[in-house]
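A quick write-up on the structure given underneath.
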Amino acid sequence: MRRTLIAGILLMTGAMTSAVRAGEPVLLHSAGSLRAALTEVAEAFTAQTAVGVKPVFGASGLLKDRIAGGERAEVFASADLGNPQALAKAGLSGPVVLFARNELCAFARPEIALTPETLLERMLDSGIKLGTSTPKADPSGDYAFQVFARAEAVRPGARAALEAKALQLTGSASSTPAPDGANVYGHKLAKGEADIFLAYCTNATPIAKEQPGLKLVRLPPSLAVGADYGLTVMTGASPNAWRFAMFILSRDGQAILARHGFAAPTLPRDGG
């Protein structure tokens with residue numbers, strides 16, 4: 001009788017816990033470069049399912065460290081594959097799925113004469129302040145340093161020179177943030193902290209709205225670097241977290257990412 005009672009209490013407690021968790025918002029940790037896109041994805045998901053999403057945006061490397069350190073999370077959308085793979089390897093999350101692609105562009109102040117053909121020369125110019133994000137803390141910084149590595153094949157000595165002069169202005173825990181709602185790269189350029197900034201091409205729309213005088217230059221093929229974004233669901237996450245992850249990968253979620261300038265790998269090629 002006592003065992004039956006205990007078993008009944010445990011079943012009821014489990015059911016109550018599941019019901020409570022079912023009503024809780026999904027805990028999303030996401031790369032800052034996805035803020036606009038995944039905010040819209042979350043709104044669409046909530047509209048369809050009545051399940052809320054509570055996002056935390058930041059540099060992917062810093063978010064990974066927070067999750068690994070015990071911060072509660074359910075879905076991790078990173079601007080690279082390495083950070084979520086580190087969580088999966090540690091047994092803290094499930095498999096990592098490629099869900100979006102981006103690439104680096106150069107953004108420059110209006111007075112800087114810049115073309116894809118002259119980009120490397122201008123970045124090496126001692127009079128030019130070259131901005132990047134912070135490697136390891138933020139994948140954007142790692143991708144920028146990959147550009148520097150590719151520059152070595154074009155001009156010997158370029159890698160060391162660029163790494164030495166790069167101003168790591170964003171992405172670290174100690175970086176000075178932009179005002180609320182402002183694009184951090186456009187803000188840094190407008191303030192004159194950098195003359196050229198290597199950042200994701202998806203920043204083009206917000207920068208154009210906030211700082212219309214700034215210009216975007218595509219990297220030439222010899223320097224071009226792409227960014228693969230990885231998605232993972234944490235071990236022990238709620239069923240709704242899995243639903244949200246699948247929604248990101250769904251046609252609706254991928255279409256929203258595409259509207260924000262990301263390459264969305266799961267969208268049908270022919271629209272069918």
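Ordering of the structure tokens sets the chain letters (A, B, ...), residue numbers begin anew at 1 in every chain, and ligands are numbered from 1 in the order given.
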
Would you give me, as a Markdown table, each residue of stretch 80-133 of chain A having an atom within 8 Å of an atom of stretch 47-65 of chain A, along with its shortest atom pair and that distance in Å to one decimal, using only C-alpha atoms and sorting by chain and residue number?
```
| residue | atom | partner | partner_atom | distance |
| --- | --- | --- | --- | --- |
| A:Asp80 | CA | A:Ser60 | CA | 7.7 |
| A:Asn83 | CA | A:Lys64 | CA | 6.1 |
| A:Pro84 | CA | A:Lys64 | CA | 7.1 |
| A:Leu87 | CA | A:Lys64 | CA | 7.3 |
```

With C-alpha atoms retained, export the selected residues as a PDB file, in the first residue's frame.
```pdb
ATOM      1  CA  ASP A  80      29.935  28.883 -35.521  1.00  0.00           C
ATOM      2  CA  ASN A  83      31.118  26.279 -29.667  1.00  0.00           C
ATOM      3  CA  PRO A  84      27.980  24.099 -29.806  1.00  0.00           C
ATOM      4  CA  LEU A  87      28.895  21.436 -25.493  1.00  0.00           C
TER       5      LEU A  87
END
```

Next item on the list: Might you pull out every residue within 7 Å of stretch 206-219 of chain A, with only C-alpha atoms counted and same-chain residues fewer than 4 positions away left off, and present them as a list of chain:residue names?
Entry: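 The neighbour list is A:Cys105, A:Ala106, A:Phe107, A:Ala108, A:Arg109, A:Pro110, A:Thr115, A:Pro116, A:Asn183, A:Gly186, A:Leu223, A:Ala224.
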
Next item on the list: To one decimal in Å, tell me the separation between atom CA of A:Cys201 and atom CA of A:Gly261.
Entry: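 We find that atom CA of A:Cys201 and atom CA of A:Gly261 lie 7.9 Å from each other.
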
Next item on the list: Write out as a ChimeraX atom specification each polymer residue whose atoms come within 7 Å of stretch 166-174 of chain A, counting only C-alpha atoms; drop sequence neighbours fewer than 6 positions from it.
Entry: /A:59,130-134,137-138

Please write the residues from the selection above to a file, keeping N, CA and C atoms, as an mmCIF file, in the first residue's frame.
```
data_model
loop_
_atom_site.group_PDB
_atom_site.id
_atom_site.type_symbol
_atom_site.label_atom_id
_atom_site.label_comp_id
_atom_site.auth_asym_id
_atom_site.auth_seq_id
_atom_site.Cartn_x
_atom_site.Cartn_y
_atom_site.Cartn_z
ATOM 1 N N ALA A 59 27.883 37.180 -27.539
ATOM 2 C CA ALA A 59 28.957 36.523 -28.283
ATOM 3 C C ALA A 59 28.900 35.018 -28.026
ATOM 4 N N LEU A 130 41.784 49.477 -38.054
ATOM 5 C CA LEU A 130 41.085 48.270 -38.496
ATOM 6 C C LEU A 130 40.400 47.604 -37.314
ATOM 7 N N GLY A 131 39.081 47.503 -37.371
ATOM 8 C CA GLY A 131 38.316 46.929 -36.275
ATOM 9 C C GLY A 131 37.886 45.500 -36.546
ATOM 10 N N THR A 132 37.931 44.686 -35.501
ATOM 11 C CA THR A 132 37.397 43.321 -35.556
ATOM 12 C C THR A 132 36.715 43.035 -34.220
ATOM 13 N N SER A 133 36.027 41.917 -34.166
ATOM 14 C CA SER A 133 35.550 41.423 -32.888
ATOM 15 C C SER A 133 36.667 40.601 -32.245
ATOM 16 N N THR A 134 36.390 40.023 -31.079
ATOM 17 C CA THR A 134 37.422 39.360 -30.283
ATOM 18 C C THR A 134 37.447 37.855 -30.548
ATOM 19 N N ALA A 137 36.206 34.586 -28.015
ATOM 20 C CA ALA A 137 34.982 35.023 -27.347
ATOM 21 C C ALA A 137 33.840 35.131 -28.345
ATOM 22 N N ASP A 138 34.159 35.598 -29.569
ATOM 23 C CA ASP A 138 33.143 35.854 -30.582
ATOM 24 C C ASP A 138 33.625 35.296 -31.917
#
```

Could you pull out the helix (DSSP H, G or I) residues of stretch 115-160 of chain A, going by DSSP on the backbone, and write them as a compact mmCIF listing (two decimals) with N, CA, C and O atoms, in the first residue's frame?
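Final output, saved to out_30.txt:
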```txt
# COMPACT_ATOMS: atom_id res chain seq x y z
N LEU A 119 41.12 46.52 -50.87
CA LEU A 119 40.84 46.27 -49.45
C LEU A 119 42.08 45.86 -48.67
O LEU A 119 42.35 46.41 -47.59
N LEU A 120 42.85 44.91 -49.17
CA LEU A 120 44.02 44.45 -48.41
C LEU A 120 45.02 45.58 -48.22
O LEU A 120 45.54 45.77 -47.12
N GLU A 121 45.27 46.33 -49.26
CA GLU A 121 46.20 47.46 -49.16
C GLU A 121 45.74 48.47 -48.12
O GLU A 121 46.54 48.96 -47.31
N ARG A 122 44.46 48.76 -48.10
CA ARG A 122 43.93 49.75 -47.15
C ARG A 122 43.95 49.20 -45.72
O ARG A 122 44.22 49.94 -44.77
N MET A 123 43.66 47.91 -45.54
CA MET A 123 43.72 47.34 -44.20
C MET A 123 45.14 47.37 -43.66
O MET A 123 45.36 47.53 -42.45
N LEU A 124 46.14 47.22 -44.54
CA LEU A 124 47.54 47.23 -44.11
C LEU A 124 48.08 48.64 -43.90
O LEU A 124 49.13 48.81 -43.25
N PRO A 139 32.88 34.36 -32.53
CA PRO A 139 33.33 33.80 -33.80
C PRO A 139 33.62 34.84 -34.88
O PRO A 139 34.46 34.59 -35.76
N SER A 140 32.95 35.99 -34.84
CA SER A 140 33.22 37.02 -35.83
C SER A 140 34.70 37.42 -35.81
O SER A 140 35.30 37.67 -36.85
N GLY A 141 35.28 37.46 -34.62
CA GLY A 141 36.70 37.75 -34.52
C GLY A 141 37.56 36.63 -35.09
O GLY A 141 38.57 36.88 -35.75
N ASP A 142 37.15 35.38 -34.86
CA ASP A 142 37.88 34.25 -35.43
C ASP A 142 37.83 34.28 -36.96
O ASP A 142 38.84 34.02 -37.63
N TYR A 143 36.66 34.62 -37.50
CA TYR A 143 36.55 34.69 -38.95
C TYR A 143 37.42 35.82 -39.51
O TYR A 143 38.02 35.68 -40.58
N ALA A 144 37.49 36.95 -38.81
CA ALA A 144 38.34 38.05 -39.26
C ALA A 144 39.80 37.62 -39.31
O ALA A 144 40.54 37.94 -40.25
N PHE A 145 40.22 36.86 -38.30
CA PHE A 145 41.61 36.40 -38.29
C PHE A 145 41.84 35.33 -39.36
O PHE A 145 42.97 35.16 -39.83
N GLN A 146 40.79 34.64 -39.78
CA GLN A 146 40.92 33.74 -40.93
C GLN A 146 41.17 34.55 -42.22
O GLN A 146 41.90 34.11 -43.10
N VAL A 147 40.54 35.72 -42.30
CA VAL A 147 40.80 36.61 -43.43
C VAL A 147 42.28 36.98 -43.44
O VAL A 147 42.93 36.98 -44.50
N PHE A 148 42.83 37.31 -42.27
CA PHE A 148 44.24 37.67 -42.19
C PHE A 148 45.13 36.51 -42.64
O PHE A 148 46.15 36.72 -43.29
N ALA A 149 44.75 35.29 -42.27
CA ALA A 149 45.52 34.11 -42.68
C ALA A 149 45.49 33.94 -44.19
O ALA A 149 46.50 33.59 -44.82
N ARG A 150 44.34 34.20 -44.80
CA ARG A 150 44.23 34.11 -46.26
C ARG A 150 45.05 35.22 -46.93
O ARG A 150 45.58 35.03 -48.04
N ALA A 151 45.16 36.37 -46.26
CA ALA A 151 45.93 37.48 -46.82
C ALA A 151 47.41 37.13 -46.96
O ALA A 151 48.11 37.69 -47.81
N GLU A 152 47.87 36.22 -46.12
CA GLU A 152 49.28 35.83 -46.17
C GLU A 152 49.65 35.23 -47.53
O GLU A 152 50.77 35.43 -48.02
N ALA A 153 48.71 34.50 -48.13
CA ALA A 153 48.97 33.91 -49.44
C ALA A 153 49.01 34.96 -50.55
O ALA A 153 49.61 34.74 -51.61
N VAL A 154 48.36 36.09 -50.30
CA VAL A 154 48.33 37.17 -51.29
C VAL A 154 49.57 38.05 -51.14
O VAL A 154 50.21 38.44 -52.13
N ALA A 158 51.57 39.70 -44.46
CA ALA A 158 50.31 40.41 -44.19
C ALA A 158 49.64 39.89 -42.93
O ALA A 158 49.06 40.67 -42.16
N ARG A 159 49.69 38.60 -42.70
CA ARG A 159 48.99 38.03 -41.55
C ARG A 159 49.48 38.63 -40.25
O ARG A 159 48.67 39.10 -39.43
N ALA A 160 50.77 38.62 -40.03
CA ALA A 160 51.31 39.15 -38.78
C ALA A 160 51.01 40.64 -38.64
O ALA A 160 50.67 41.12 -37.55
```

Note to self: Can you tell me, as a PyMOL selection string, which residues in stretch 59-244 of chain A count as strand (DSSP E or B) by DSSP?
What the structure shows: chain A and resi 75-78+93+97-108+130-133+167-170+196-200+215-218+226-234

Margin query: Just want the 12 Å neighbourhood of stretch 250-252 of chain A, counted on only C-alpha atoms, with same-chain residues fewer than 2 positions away dropped. Output as a PyMOL selection string.
Written below: chain A and resi 37-38+40-45+48+99-100+243-248+254-259+264-269+271-272

Counting only C-alpha atoms, which residues of stretch 191-256 of chain A fall within 7 Å of stretch 91-95 of chain A, and what is the closest atom pair for each with its distance in Å at one decimal, ordered by chain and rising number, as JSON lines?
```
{"residue": "A:Thr232", "atom": "CA", "partner": "A:Gly94", "partner_atom": "CA", "distance": 6.0}
{"residue": "A:Val233", "atom": "CA", "partner": "A:Ser93", "partner_atom": "CA", "distance": 5.6}
{"residue": "A:Met234", "atom": "CA", "partner": "A:Ser93", "partner_atom": "CA", "distance": 3.9}
{"residue": "A:Thr235", "atom": "CA", "partner": "A:Ser93", "partner_atom": "CA", "distance": 4.6}
```

Could you save the residues just selected, with N, CA and C atoms, as a PDB file, in the first residue's frame?
```pdb
ATOM      1  N   THR A 232      21.987  23.609 -31.484  1.00  0.00           N
ATOM      2  CA  THR A 232      21.918  22.414 -30.659  1.00  0.00           C
ATOM      3  C   THR A 232      20.900  22.616 -29.548  1.00  0.00           C
ATOM      4  N   VAL A 233      20.343  21.511 -29.065  1.00  0.00           N
ATOM      5  CA  VAL A 233      19.384  21.527 -27.964  1.00  0.00           C
ATOM      6  C   VAL A 233      20.051  20.886 -26.755  1.00  0.00           C
ATOM      7  N   MET A 234      19.928  21.541 -25.613  1.00  0.00           N
ATOM      8  CA  MET A 234      20.626  21.078 -24.422  1.00  0.00           C
ATOM      9  C   MET A 234      20.009  19.803 -23.861  1.00  0.00           C
ATOM     10  N   THR A 235      20.856  18.990 -23.264  1.00  0.00           N
ATOM     11  CA  THR A 235      20.396  17.765 -22.609  1.00  0.00           C
ATOM     12  C   THR A 235      19.383  18.114 -21.516  1.00  0.00           C
TER      13      THR A 235
END
```

Notebook entry, point to check: Between A:Gly253, A:Pro25, A:Pro179, A:Pro221, which has the minimum distance to A:Glu117 (counting only C-alpha atoms)?
Noted result: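 The shortest atom-to-atom distance to A:Glu117 comes from A:Pro221.
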
Item checked: Distance criterion (only C-alpha atoms): nearest to A:Phe262 out of A:Ala204, A:Ala161, A:Leu27, A:Ala241 ->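 Going through A:Ala204, A:Ala161, A:Leu27, A:Ala241 one by one, the smallest distance to A:Phe262 is for A:Ala204.
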
Notebook entry, point to check: Between atom CA of A:Asn203 and atom CA of A:His187, what is the distance, to one decimal in Å?
Noted result: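 According to the coordinates, atom CA of A:Asn203 and atom CA of A:His187 are separated by 11.7 Å.
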
Check: With only C-alpha atoms as the atoms that count, which of A:Gly82, A:Ile112, A:Gly157, A:Ala77 lies nearest to A:Lys129?
Finding: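 Closest candidate: A:Ile112.
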